[in-house]
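Visitor: The following file, data.cif, comprises mmCIF, C-alpha atoms:
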data_query
#
loop_
_atom_site.label_atom_id
_atom_site.label_comp_id
_atom_site.auth_asym_id
_atom_site.auth_seq_id
_atom_site.Cartn_x
_atom_site.Cartn_y
_atom_site.Cartn_z
CA MET K 294 37.88 -0.42 -38.33
CA ASN K 295 34.13 -0.28 -38.54
CA THR K 296 32.49 -1.33 -35.29
CA PHE K 297 30.53 -3.93 -37.28
CA GLU K 298 33.76 -5.68 -38.15
CA ARG K 299 35.40 -5.85 -34.76
CA ASN K 300 36.09 -9.28 -33.40
CA ILE K 301 33.51 -10.70 -31.09
CA GLY K 302 35.13 -13.11 -28.66
CA PRO K 303 33.74 -16.04 -26.71
CA GLU K 304 33.24 -13.96 -23.57
CA GLU K 305 31.06 -11.45 -25.39
CA LEU K 306 29.05 -14.28 -26.92
CA ARG K 307 28.47 -15.82 -23.48
CA ARG K 308 27.41 -12.48 -22.09
CA HIS K 309 24.96 -11.97 -24.93
CA VAL K 310 23.41 -15.39 -24.35
CA LEU K 311 23.20 -14.67 -20.63
CA GLY K 312 21.70 -11.21 -21.27
CA ASP K 313 24.65 -9.50 -19.64
CA LEU K 314 25.97 -7.18 -22.36
CA PRO K 315 26.02 -3.43 -21.68
CA ASP K 316 23.64 -1.44 -23.90
CA SER K 317 26.53 0.11 -25.85
CA GLU K 318 27.73 -3.32 -26.99
CA GLN K 319 24.29 -4.85 -27.29
CA GLU K 320 23.22 -2.72 -30.26
CA ASP K 321 26.29 -3.48 -32.34
CA PHE K 322 26.06 -7.11 -31.49
CA ASP K 323 22.38 -7.41 -32.36
CA ARG K 324 22.74 -5.58 -35.66
CA ARG K 325 25.56 -7.88 -36.62
CA LEU K 326 23.69 -10.95 -35.44
CA LEU K 327 21.03 -10.31 -38.06
CA THR K 328 23.49 -10.00 -40.92
CA ASP K 329 26.42 -12.24 -39.98
CA SER K 330 25.65 -15.94 -40.28
CA ALA K 331 28.99 -17.00 -38.84
CA LEU K 332 28.32 -14.97 -35.71
CA TYR K 333 24.87 -16.51 -35.40
CA GLU K 334 26.35 -20.00 -35.59
CA GLU K 335 28.88 -19.06 -32.92
CA LEU K 336 26.01 -17.90 -30.77
CA LEU K 337 24.16 -21.20 -31.22
CA ALA K 338 27.29 -23.14 -30.27
CA THR K 339 27.73 -20.93 -27.20
CA GLU K 340 24.13 -21.65 -26.20
CA ASP K 341 24.80 -25.39 -26.38
CA GLU K 342 27.93 -25.02 -24.28
CA LEU K 343 26.09 -23.00 -21.66
CA VAL K 344 23.29 -25.60 -21.57
CA ASP K 345 25.87 -28.31 -20.91
CA GLU K 346 27.60 -26.23 -18.25
CA TYR K 347 24.29 -25.44 -16.58
CA LEU K 348 23.17 -29.07 -16.52
CA SER K 349 26.47 -30.26 -15.13
CA GLY K 350 26.48 -27.56 -12.44
CA LYS K 351 29.49 -25.70 -13.78
CA LEU K 352 28.01 -22.20 -13.89
CA ASN K 353 28.66 -19.92 -10.97
CA GLU K 354 25.67 -18.64 -9.01
CA ARG K 355 25.34 -15.40 -10.97
CA GLU K 356 25.60 -17.14 -14.33
CA ARG K 357 23.15 -19.81 -13.21
CA GLN K 358 20.55 -17.20 -12.33
CA GLN K 359 21.12 -15.39 -15.63
CA PHE K 360 20.90 -18.67 -17.51
CA GLU K 361 17.61 -19.62 -15.87
CA LEU K 362 16.13 -16.25 -16.77
CA GLN K 363 17.37 -16.37 -20.35
CA PHE K 364 16.47 -19.98 -21.04
CA SER K 365 13.01 -19.75 -19.57
CA VAL K 366 12.25 -17.49 -22.55
CA GLY K 367 11.49 -18.93 -25.95
CA GLU K 368 10.38 -22.44 -26.76
CA GLU K 369 13.53 -23.20 -28.72
CA ARG K 370 15.86 -22.48 -25.84
CA GLN K 371 13.72 -24.54 -23.49
CA ARG K 372 13.89 -27.38 -25.99
CA LYS K 373 17.67 -27.02 -25.97
CA VAL K 374 17.75 -27.45 -22.20
CA ARG K 375 15.48 -30.52 -22.33
CA PHE K 376 17.52 -32.01 -25.14
CA GLY K 377 20.77 -31.21 -23.31
CA ARG K 378 19.60 -33.22 -20.33
CA SER K 379 18.84 -36.36 -22.34
CA TRP K 380 22.00 -35.86 -24.38
CA GLN K 381 24.14 -35.80 -21.22
CA GLU K 382 22.35 -38.90 -19.93
CA TYR K 383 23.09 -40.63 -23.21
CA LEU K 384 26.78 -39.69 -23.16
CA LYS K 385 27.10 -40.89 -19.55
CA SER K 386 25.47 -44.20 -20.38
CA THR K 387 27.71 -44.82 -23.40
CA PRO K 388 30.85 -46.43 -22.00
CA LEU K 389 34.21 -45.07 -22.92
CA VAL K 390 36.84 -47.78 -23.33
CA ARG K 391 39.79 -47.15 -21.07
CA PRO K 392 43.27 -48.52 -21.74
CA GLN K 393 44.46 -51.35 -19.56
CA GLU K 394 47.21 -49.32 -17.91
CA ASP K 395 47.94 -51.87 -15.19
CA ILE K 396 48.31 -54.77 -17.58
CA ARG K 397 50.29 -52.75 -20.10
CA LYS K 398 52.79 -51.53 -17.53
CA GLY K 399 53.07 -54.88 -15.81
CA GLY K 400 53.69 -56.65 -19.09
CA SER K 401 56.05 -54.27 -20.78
CA THR K 402 58.29 -52.75 -18.15
CA GLY K 403 59.61 -56.00 -16.73
CA PHE K 404 60.15 -57.26 -20.20
CA SER K 405 61.83 -54.08 -21.35
CA ARG K 406 64.20 -53.86 -18.41
CA MET K 407 65.28 -57.42 -18.98
CA PHE K 408 65.60 -56.72 -22.67
CA SER K 409 67.75 -53.62 -22.18
CA VAL K 410 70.35 -55.61 -20.28
CA PHE K 411 70.50 -58.33 -22.92
CA TRP K 412 70.53 -55.76 -25.68
CA GLU K 413 73.66 -54.14 -24.34
CA ARG K 414 75.38 -57.41 -23.53
CA SER K 415 74.48 -59.35 -26.66
CA GLY K 416 76.61 -57.41 -29.06
CA ARG K 417 73.28 -56.46 -30.70
CA ASN K 418 72.98 -59.81 -32.46
CA PRO K 419 69.46 -59.92 -34.03
CA VAL K 420 69.10 -63.73 -33.84
CA LEU K 421 70.15 -63.76 -30.22
CA ILE K 422 67.92 -60.80 -29.52
CA ALA K 423 64.93 -62.49 -31.17
CA SER K 424 65.50 -65.59 -29.05
CA LEU K 425 65.78 -63.46 -25.97
CA ILE K 426 62.55 -61.63 -26.83
CA LEU K 427 60.78 -64.96 -27.07
CA VAL K 428 62.26 -66.12 -23.76
CA GLY K 429 61.41 -62.79 -22.22
CA LEU K 430 57.83 -62.90 -23.45
CA LEU K 431 57.37 -66.45 -22.27
CA GLY K 432 58.93 -65.55 -18.93
CA THR K 433 56.70 -62.53 -18.54
CA LEU K 434 53.66 -64.56 -19.49
CA GLY K 435 54.65 -67.33 -17.10
CA ALA K 436 55.27 -64.91 -14.27
CA TRP K 437 51.98 -63.21 -14.94
CA LEU K 438 50.12 -66.53 -14.95
CA LEU K 439 51.77 -67.47 -11.67
CA TYR K 440 51.38 -64.19 -9.87
CA ARG K 441 48.28 -62.76 -11.48
CA PRO K 442 45.81 -61.12 -9.12
CA THR K 443 42.92 -63.24 -7.98
CA GLN K 444 40.08 -60.90 -8.98
CA ASN K 445 38.07 -62.18 -11.91
CA ASN K 446 38.41 -59.04 -13.94
CA THR K 447 42.19 -59.28 -14.08
CA GLN K 448 42.48 -63.02 -14.83
CA ARG K 449 43.23 -62.54 -18.50
CA ALA K 450 45.34 -64.39 -21.03
CA ILE K 451 47.80 -62.30 -23.03
CA ILE K 452 48.10 -62.48 -26.79
CA ALA K 453 51.12 -60.67 -28.20
CA VAL K 454 51.00 -59.02 -31.63
CA THR K 455 53.75 -57.04 -33.33
CA LEU K 456 52.73 -54.38 -35.85
CA VAL K 457 54.78 -52.35 -38.26
CA GLY K 458 53.63 -48.82 -39.04
CA SER K 459 52.73 -47.38 -42.41
CA GLY K 460 55.27 -44.94 -43.71
CA SER K 461 58.05 -47.26 -42.67
CA ARG K 462 59.07 -50.70 -43.82
CA GLY K 463 55.59 -52.18 -43.77
CA GLU K 464 54.00 -49.63 -46.07
CA SER K 465 53.30 -51.97 -48.93
CA ALA K 466 52.51 -55.04 -46.86
CA SER K 467 48.93 -56.25 -46.50
CA THR K 468 47.07 -55.41 -43.28
CA PRO K 469 48.14 -57.77 -40.50
CA HIS K 470 45.28 -59.70 -39.03
CA LEU K 471 44.32 -61.44 -35.86
CA THR K 472 41.58 -63.93 -35.24
CA ARG K 473 39.10 -62.52 -32.77
CA PRO K 474 40.76 -63.01 -29.37
CA PRO K 475 38.97 -65.16 -26.78
CA ALA K 476 36.84 -63.44 -24.18
CA ASN K 477 38.61 -62.21 -21.08
CA SER K 478 42.01 -61.96 -22.74
CA VAL K 479 44.34 -59.06 -23.42
CA VAL K 480 46.01 -58.34 -26.72
CA GLN K 481 49.44 -56.89 -26.11
CA VAL K 482 50.26 -54.89 -29.21
CA HIS K 483 53.89 -54.05 -29.96
CA LEU K 484 54.14 -51.07 -32.29
CA GLU K 485 57.54 -51.13 -33.90
CA LEU K 486 59.55 -47.97 -34.43
CA ALA K 487 62.64 -47.64 -36.61
CA LYS K 488 64.20 -45.31 -34.06
CA LYS K 489 63.34 -43.66 -30.82
CA ASN K 490 62.76 -39.97 -31.49
CA TYR K 491 60.92 -39.09 -28.28
CA ASN K 492 61.05 -39.90 -24.61
CA ARG K 493 57.30 -40.19 -24.46
CA TYR K 494 54.71 -41.52 -26.86
CA GLN K 495 50.98 -41.77 -27.03
CA VAL K 496 48.75 -44.14 -28.95
CA GLU K 497 45.17 -43.66 -30.02
CA LEU K 498 43.07 -46.58 -31.10
CA PHE K 499 40.42 -46.32 -33.82
CA ARG K 500 37.95 -48.82 -35.19
CA GLU K 501 37.19 -47.71 -38.77
CA ARG K 502 36.74 -43.99 -38.04
CA GLU K 503 35.51 -44.41 -34.49
CA TYR K 504 37.80 -43.23 -31.73
CA ILE K 505 38.09 -45.99 -29.17
CA ALA K 506 40.72 -45.16 -26.57
CA PRO K 507 43.88 -43.22 -25.79
CA PHE K 508 47.04 -44.68 -24.26
CA LYS K 509 49.19 -41.96 -22.71
CA SER K 510 52.75 -41.52 -21.42
CA LEU K 511 54.24 -44.54 -23.10
CA LYS K 512 57.94 -45.32 -23.50
CA ALA K 513 59.59 -46.86 -26.53
CA GLU K 514 61.54 -49.96 -25.57
CA PRO K 515 64.22 -51.73 -27.62
CA SER K 516 62.79 -54.62 -29.64
CA ASP K 517 64.49 -56.83 -32.21
CA GLY K 518 66.91 -54.24 -33.49
CA HIS K 519 64.23 -51.59 -33.41
CA PHE K 520 62.09 -50.03 -30.73
CA ALA K 521 58.54 -50.79 -29.78
CA VAL K 522 55.76 -49.06 -27.91
CA VAL K 523 53.54 -51.59 -26.16
CA VAL K 524 49.83 -51.20 -25.39
CA GLY K 525 47.38 -53.68 -23.91
CA VAL K 526 43.83 -53.88 -25.27
CA ASN K 527 40.98 -55.87 -23.74
CA SER K 528 39.64 -58.55 -26.07
CA GLU K 529 36.12 -57.20 -25.58
CA VAL K 530 37.16 -54.07 -27.43
CA LEU K 531 38.50 -55.97 -30.42
CA GLU K 532 35.38 -57.04 -32.21
CA PRO K 533 35.87 -58.08 -35.83
CA GLY K 534 36.79 -55.06 -37.93
CA ASP K 535 39.64 -52.85 -39.07
CA TYR K 536 41.62 -51.06 -36.39
CA THR K 537 44.31 -48.44 -36.50
CA PHE K 538 46.76 -47.63 -33.74
CA GLU K 539 47.94 -44.06 -34.26
CA LEU K 540 51.32 -43.63 -32.64
CA SER K 541 52.55 -40.11 -31.88
CA GLY K 542 55.67 -38.80 -30.24
CA VAL K 543 55.28 -36.27 -27.44
CA SER K 544 58.04 -33.68 -27.21
CA ASP K 545 59.25 -32.34 -23.88
CA SER K 546 57.21 -29.20 -24.50
CA GLY K 547 54.10 -31.35 -24.93
CA GLU K 548 53.77 -31.06 -28.70
CA VAL K 549 52.35 -34.15 -30.35
CA GLU K 550 53.62 -35.39 -33.70
CA LEU K 551 52.28 -38.36 -35.60
CA GLU K 552 54.90 -41.09 -36.00
CA GLY K 553 52.85 -43.68 -37.83
CA ASN K 554 49.64 -45.63 -38.28
CA TYR K 555 49.52 -49.33 -37.41
CA PRO K 556 46.62 -51.15 -39.00
CA LEU K 557 45.26 -54.39 -37.60
CA ARG K 558 42.33 -56.42 -38.92
CA VAL K 559 40.45 -58.56 -36.43
CA LYS K 560 38.71 -61.49 -38.13
CA ARG K 561 35.95 -63.72 -36.88
CA MET P 231 1.57 0.24 -38.48
CA LYS P 232 -2.16 0.06 -38.01
CA LYS P 233 -3.29 -1.48 -34.75
CA ASN P 234 -4.58 -5.03 -34.98
CA TRP P 235 -2.89 -5.46 -38.35
CA VAL P 236 -2.89 -9.16 -39.16
CA LEU P 237 -0.37 -10.87 -41.42
CA SER P 238 -2.41 -12.06 -44.39
CA GLN P 239 -1.25 -14.79 -46.76
CA GLU P 240 -0.76 -12.13 -49.43
CA ALA P 241 1.39 -9.99 -47.15
CA PHE P 242 3.36 -13.03 -46.10
CA ASP P 243 3.97 -13.99 -49.74
CA THR P 244 5.12 -10.44 -50.51
CA LEU P 245 7.50 -10.59 -47.55
CA LEU P 246 8.95 -13.90 -48.75
CA ASP P 247 9.38 -12.52 -52.29
CA TRP P 248 11.26 -9.57 -50.86
CA LEU P 249 13.57 -11.86 -48.90
CA ASP P 250 14.37 -14.10 -51.85
CA THR P 251 12.84 -14.87 -55.21
CA ASN P 252 13.40 -18.57 -54.56
CA ARG P 253 10.53 -19.60 -52.29
CA GLU P 254 12.46 -22.30 -50.45
CA GLN P 255 15.38 -19.97 -49.77
CA ALA P 256 12.97 -17.26 -48.71
CA GLY P 257 11.29 -19.61 -46.23
CA GLN P 258 14.66 -20.49 -44.73
CA LYS P 259 15.63 -16.83 -44.49
CA TYR P 260 12.33 -16.02 -42.81
CA GLU P 261 12.78 -18.72 -40.16
CA ASP P 262 16.40 -17.74 -39.68
CA ILE P 263 15.56 -14.08 -39.16
CA ARG P 264 12.79 -15.02 -36.72
CA GLN P 265 15.18 -17.13 -34.64
CA ARG P 266 17.77 -14.35 -34.59
CA LEU P 267 15.14 -11.80 -33.55
CA ILE P 268 14.09 -14.08 -30.69
CA ARG P 269 17.71 -14.17 -29.52
CA ILE P 270 17.97 -10.40 -29.73
CA PHE P 271 14.84 -9.83 -27.67
CA THR P 272 15.78 -12.56 -25.21
CA SER P 273 19.19 -11.05 -24.67
CA ARG P 274 17.44 -7.75 -23.95
CA LYS P 275 15.48 -9.52 -21.22
CA CYS P 276 12.15 -9.44 -23.04
CA TRP P 277 10.26 -12.37 -21.60
CA ASP P 278 7.82 -12.39 -24.50
CA ALA P 279 10.64 -12.56 -27.06
CA GLU P 280 8.77 -14.82 -29.46
CA ASP P 281 5.76 -12.51 -29.56
CA LEU P 282 8.03 -9.52 -30.13
CA ALA P 283 9.84 -11.32 -32.94
CA ASP P 284 6.49 -12.07 -34.59
CA GLU P 285 5.39 -8.48 -34.06
CA THR P 286 8.60 -7.32 -35.76
CA ILE P 287 7.98 -9.60 -38.72
CA ASN P 288 4.35 -8.47 -39.03
CA ARG P 289 5.39 -4.85 -38.96
CA VAL P 290 8.09 -5.38 -41.57
CA ALA P 291 5.61 -7.30 -43.74
CA SER P 292 3.16 -4.43 -43.54
CA LYS P 293 5.84 -2.05 -44.80
CA VAL P 294 7.29 -4.19 -47.60
CA PRO P 295 4.84 -2.96 -50.30
CA GLU P 296 5.98 0.62 -49.58
CA ILE P 297 9.72 0.00 -49.43
CA ARG P 298 10.45 -2.92 -51.72
CA ASN P 299 11.21 -0.77 -54.77
CA THR P 300 13.30 1.78 -52.96
CA TYR P 301 15.01 -0.07 -50.10
CA GLU P 302 18.65 -0.84 -50.75
CA GLY P 303 20.84 -3.20 -48.77
CA ASP P 304 20.40 -6.26 -46.64
CA PRO P 305 16.73 -6.72 -45.65
CA SER P 306 17.95 -8.06 -42.28
CA LEU P 307 18.99 -4.55 -41.31
CA PHE P 308 15.47 -3.32 -41.89
CA PHE P 309 14.27 -5.99 -39.47
CA TYR P 310 16.83 -4.74 -36.99
CA SER P 311 15.54 -1.14 -37.17
CA VAL P 312 11.97 -2.28 -36.64
CA ALA P 313 12.99 -4.62 -33.80
CA HIS P 314 14.86 -1.78 -32.14
CA ASN P 315 11.72 0.37 -32.17
CA ILE P 316 9.58 -2.45 -30.88
CA HIS P 317 12.02 -2.97 -28.03
CA ARG P 318 11.74 0.71 -27.08
CA GLU P 319 7.96 0.41 -27.07
CA TRP P 320 8.23 -2.73 -24.96
CA LEU P 321 10.35 -0.92 -22.40
CA ARG P 322 7.57 1.65 -22.00
CA ARG P 323 5.08 -1.13 -21.27
CA LYS P 324 5.02 -3.08 -18.04
CA PRO P 325 6.86 -6.36 -18.68
CA PRO P 326 4.95 -9.54 -17.88
CA PRO P 327 6.22 -11.80 -15.10
CA VAL P 328 9.15 -14.07 -15.76
CA PRO P 329 8.17 -17.71 -16.29
CA ALA P 330 10.19 -20.37 -14.51
CA LEU P 331 12.56 -22.61 -16.39
CA ALA P 332 10.86 -25.99 -16.52
CA LEU P 333 12.98 -29.11 -16.59
CA MET P 334 11.66 -32.57 -17.38
CA ASP P 335 10.17 -35.22 -15.17
CA SER P 336 11.67 -38.70 -15.43
CA ALA P 337 8.91 -40.02 -17.73
CA SER P 338 9.53 -37.22 -20.26
CA LEU P 339 13.24 -37.78 -19.99
CA GLU P 340 12.74 -41.45 -20.78
CA LYS P 341 10.66 -40.64 -23.87
CA GLN P 342 13.21 -38.07 -24.99
CA SER P 343 16.08 -40.51 -24.48
CA SER P 344 14.32 -43.18 -26.51
CA CYS P 345 13.82 -40.70 -29.36
CA LEU P 346 17.42 -39.58 -29.08
CA GLU P 347 18.70 -43.11 -29.57
CA LYS P 348 16.49 -43.53 -32.64
CA CYS P 349 17.64 -40.21 -34.06
CA LEU P 350 21.30 -41.07 -33.59
CA GLU P 351 20.70 -44.01 -35.92
CA PHE P 352 19.55 -41.60 -38.63
CA LEU P 353 22.87 -39.76 -38.61
CA THR P 354 25.65 -40.86 -40.91
CA PRO P 355 28.25 -42.96 -39.04
CA GLN P 356 30.74 -40.11 -39.44
CA ASN P 357 28.40 -37.51 -37.98
CA ARG P 358 27.34 -39.84 -35.18
CA GLU P 359 30.94 -40.45 -34.26
CA LEU P 360 31.78 -36.77 -34.46
CA VAL P 361 28.95 -35.55 -32.26
CA VAL P 362 29.47 -38.24 -29.61
CA GLN P 363 33.22 -37.80 -29.51
CA TYR P 364 32.98 -34.02 -29.49
CA TYR P 365 30.65 -33.73 -26.52
CA ARG P 366 31.83 -36.59 -24.33
CA ASP P 367 34.31 -36.46 -21.45
CA GLU P 368 35.30 -33.62 -19.20
CA LYS P 369 38.09 -31.10 -18.85
CA LYS P 370 41.49 -32.20 -20.19
CA ALA P 371 40.26 -35.40 -21.81
CA LYS P 372 37.59 -33.42 -23.65
CA ILE P 373 40.09 -30.82 -24.85
CA GLU P 374 42.48 -33.48 -26.11
CA ARG P 375 39.70 -35.45 -27.79
CA ARG P 376 38.52 -32.33 -29.62
CA LYS P 377 42.03 -31.40 -30.63
CA HIS P 378 42.56 -34.84 -32.05
CA LEU P 379 39.23 -34.82 -33.88
CA ALA P 380 40.09 -31.49 -35.51
CA GLN P 381 43.47 -32.85 -36.58
CA ARG P 382 41.91 -35.98 -38.03
CA LEU P 383 39.30 -34.04 -39.95
CA ASN P 384 41.91 -31.48 -40.92
CA ILE P 385 39.76 -28.57 -39.81
CA ALA P 386 40.26 -25.71 -37.37
CA PRO P 387 38.99 -26.26 -33.81
CA ASN P 388 36.28 -23.66 -34.28
CA ALA P 389 35.09 -25.25 -37.52
CA LEU P 390 34.78 -28.51 -35.59
CA ARG P 391 32.80 -26.71 -32.88
CA ILE P 392 30.35 -25.34 -35.45
CA ARG P 393 30.06 -28.70 -37.19
CA ALA P 394 29.29 -30.45 -33.89
CA CYS P 395 26.75 -27.75 -33.05
CA ARG P 396 24.99 -28.25 -36.42
CA ILE P 397 24.78 -32.01 -35.90
CA ARG P 398 23.45 -31.45 -32.39
CA ALA P 399 20.81 -29.09 -33.82
CA GLU P 400 19.88 -31.75 -36.38
CA LEU P 401 19.52 -34.28 -33.56
CA LEU P 402 17.39 -31.91 -31.52
CA LYS P 403 15.08 -31.33 -34.48
CA CYS P 404 14.76 -35.07 -35.07
CA VAL P 405 14.02 -35.69 -31.37
CA GLU P 406 11.31 -33.03 -31.39
CA ASN P 407 9.69 -34.62 -34.47
CA CYS P 408 9.88 -38.03 -32.82
CA LEU P 409 8.24 -36.69 -29.65
CA ASP P 410 5.51 -35.00 -31.68
CA LYS P 411 4.74 -38.29 -33.42
CA GLN P 412 4.56 -40.08 -30.08
CA ASP P 413 2.12 -37.51 -28.75
CA GLN P 414 -0.19 -37.84 -31.77
#
Now, as a test, write the supplied structure out as structure tokens.

Guide:
Amino acid sequence: MNTFERNIGPEELRRHVLGDLPDSEQEDFDRRLLTDSALYEELLATEDELVDEYLSGKLNERERQQFELQFSVGEERQRKVRFGRSWQEYLKSTPLVRPQEDIRKGGSTGFSRMFSVFWERSGRNPVLIASLILVGLLGTLGAWLLYRPTQNNTQRAIIAVTLVGSGSRGESASTPHLTRPPANSVVQVHLELAKKNYNRYQVELFREREYIAPFKSLKAEPSDGHFAVVVGVNSEVLEPGDYTFELSGVSDSGEVELEGNYPLRVKR
Amino acid sequence: MKKNWVLSQEAFDTLLDWLDTNREQAGQKYEDIRQRLIRIFTSRKCWDAEDLADETINRVASKVPEIRNTYEGDPSLFFYSVAHNIHREWLRRKPPPVPALALMDSASLEKQSSCLEKCLEFLTPQNRELVVQYYRDEKKAKIERRKHLAQRLNIAPNALRIRACRIRAELLKCVENCLDKQDQ
């Protein structure tokens, strides 16, 4: 292989940006940098990453010193550092919506345990099961209303919604909708599954194409002859618009596989 | 090269013609080569990297009339040879002192942040979402977010990295223009 064509890895790129390549490697690298646009773009991306690491204090002492020497040279690199600082400030000030883990667990596990017992003892009768779900939901809601914590931020009403994923029985149905939930409430979304293929699931919520929040380490619980994964979403998140809950199964080895998309339209 | 040789408009035009017959493409190539030369000199610890890059370009421009009919291959490699020589000459000279890396005061940061928010509005919703999602979070959450983004866009993780870097560069350019306008 020609030395021009050897692979240049991330470590070598970092060392070039930090001015830490030995002379023998520097010449090959520089020659290629002038002719290889892909390598140049890799270098620019590496610069951005080092700027972010520098500004968030993640470089070790040696790298920090090298960075300060390298980035004090050239107006463009100095601009990158200045921009990086305001960019990090912006990202910090833009809130990331977190899932309501406490509410989700509190609402679904009690319900699911109760449901499992009835499921086994009911002879799997769908009508009976549906009635029991309703009783269970009402019971859970009642218990929550009675024993809810006293802090203002957790005094929230629960609105339950059941969604059916695309690619299964609901594929041709129109998008289910919900009127914009009242402020300070929680929408408990039941994502139905035809069968339980995994011990763990995860859900990711999108508004149009915007990624809103992840919900991790979820269990599928029996629900009306099927299974359901339940997530709780704060009403503040659900402004009018089209949402998708992407449900994926997580294998024991940690591999993630998409199980289905669950659309929901929130109307005014 | 003659001492005190200055890049005339004619020499500059000849250089651009040599880089590409399309003037717009040639201008882009010129700026691209200049930026790469700056990186090369910077990596070699030349504290006057921008001056050396310009010196390289001037010297190449002065030679283009001689070589343009005989030179074969990528013109970028000719720049490399000249840059290499200039670096050797630089090593023989006494390097100037290293300037300190200047960060911003809070007033400048505020101006920059205001421009950044305006510039984000100029991006397409898809690009805005991509760049924010790509760079936010830390550690595991960041890795997972990026993995998911790549899956959704059906592109390789490195392609996503380059795409995010390009959008960030576009933002930086917009912020610089915005700051220039504020200063005027």

Visitor: Please evaluate the PyMOL selection byres ((chain P) within 8 of (chain K)) against the displayed coordinates and give the resulting residues as an MDAnalysis selection string.

Guide: chainID P and resid 263 266:270 272:275 277:280 304 306:307 310 328:334 339 342:343 346 356 359 362:363 365:366 391:392 395 402

Visitor: One decimal, in Å: what's the spacing between CA of Arg558 (chain K) and CA of Val522 (chain K)?

Guide: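 Separating CA of Arg558 (chain K) from CA of Val522 (chain K) is a distance of 18.9 Å.
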
Visitor: So which residues touch Glu532 (chain K) within 12 Å, counting only C-alpha atoms, skipping near sequence neighbours fewer than 5 positions away, as a ChimeraX atom specification?

Guide: /K:471-476,499-501,505,526-527,557-561

Visitor: Kindly export the residues of the current selection with C-alpha atoms, as an mmCIF file, in the frame of the given file.

Guide:
data_model
loop_
_atom_site.group_PDB
_atom_site.id
_atom_site.type_symbol
_atom_site.label_atom_id
_atom_site.label_comp_id
_atom_site.auth_asym_id
_atom_site.auth_seq_id
_atom_site.Cartn_x
_atom_site.Cartn_y
_atom_site.Cartn_z
ATOM 1 C CA LEU K 471 44.320 -61.440 -35.860
ATOM 2 C CA THR K 472 41.580 -63.930 -35.240
ATOM 3 C CA ARG K 473 39.100 -62.520 -32.770
ATOM 4 C CA PRO K 474 40.760 -63.010 -29.370
ATOM 5 C CA PRO K 475 38.970 -65.160 -26.780
ATOM 6 C CA ALA K 476 36.840 -63.440 -24.180
ATOM 7 C CA PHE K 499 40.420 -46.320 -33.820
ATOM 8 C CA ARG K 500 37.950 -48.820 -35.190
ATOM 9 C CA GLU K 501 37.190 -47.710 -38.770
ATOM 10 C CA ILE K 505 38.090 -45.990 -29.170
ATOM 11 C CA VAL K 526 43.830 -53.880 -25.270
ATOM 12 C CA ASN K 527 40.980 -55.870 -23.740
ATOM 13 C CA LEU K 557 45.260 -54.390 -37.600
ATOM 14 C CA ARG K 558 42.330 -56.420 -38.920
ATOM 15 C CA VAL K 559 40.450 -58.560 -36.430
ATOM 16 C CA LYS K 560 38.710 -61.490 -38.130
ATOM 17 C CA ARG K 561 35.950 -63.720 -36.880
#

Visitor: Can you translate the PyMOL selection byres ((chain P and resi 412) around 12) into the concrete residues it hits in this file, as a PyMOL selection string?

Guide: chain P and resi 338+341-342+344-345+405-411+413-414

Visitor: The selected residues should be written to file as a short mmCIF file (atom, residue, chain, number, x, y, z; two decimals), in the coordinates of the input (atoms: C-alpha atoms).

Guide:
data_model
loop_
_atom_site.label_atom_id
_atom_site.label_comp_id
_atom_site.auth_asym_id
_atom_site.auth_seq_id
_atom_site.Cartn_x
_atom_site.Cartn_y
_atom_site.Cartn_z
CA SER P 338 9.53 -37.22 -20.26
CA LYS P 341 10.66 -40.64 -23.87
CA GLN P 342 13.21 -38.07 -24.99
CA SER P 344 14.32 -43.18 -26.51
CA CYS P 345 13.82 -40.70 -29.36
CA VAL P 405 14.02 -35.69 -31.37
CA GLU P 406 11.31 -33.03 -31.39
CA ASN P 407 9.69 -34.62 -34.47
CA CYS P 408 9.88 -38.03 -32.82
CA LEU P 409 8.24 -36.69 -29.65
CA ASP P 410 5.51 -35.00 -31.68
CA LYS P 411 4.74 -38.29 -33.42
CA ASP P 413 2.12 -37.51 -28.75
CA GLN P 414 -0.19 -37.84 -31.77
#

Visitor: Pick from P:Trp248, P:Arg322, P:Glu240, P:Glu285: nearest to Asn299 (chain P), with all atoms listed in the file counted?

Guide: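 Ranking P:Trp248, P:Arg322, P:Glu240, P:Glu285 by distance to Asn299 (chain P), first place goes to P:Trp248.
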
Visitor: For CA of Val294 (chain P) and CA of Gln239 (chain P), quote the distance in Å rounded to one decimal.

Guide: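 Separation between CA of Val294 (chain P) and CA of Gln239 (chain P): 13.6 Å.
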
Visitor: Please, what distance in Å, to one decimal, runs between CA of Phe508 (chain K) and CA of Gln495 (chain K)?

Guide: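 Distance between the two atoms: 5.6 Å.
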
Visitor: Can you translate the PyMOL selection byres ((chain P and resi 237) around 6) into the concrete residues it hits in this file, as JSON, numbers by chain?

Guide: {"P": [236, 238, 288]}

Visitor: Which residue, P:Asp284, P:Glu351, P:Lys369, P:Asn252, has the smallest gap to Glu346 (chain K) when you use only C-alpha atoms?

Guide: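 Nearest to Glu346 (chain K): P:Lys369.
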
Visitor: Between K:Asn353, K:Leu332, K:Gln358, K:Pro556, which is the closest to Pro303 (chain K) once you count all atoms listed in the file?

Guide: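 Smallest distance to Pro303 (chain K) is found for K:Leu332.
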
Visitor: Looking at all atoms listed in the file, which of P:Leu249, P:Leu401, P:Ala241, P:Ala389 is the one that sits closest to Gly303 (chain P)?

Guide: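 Among the listed residues, P:Leu249 lies closest to Gly303 (chain P).
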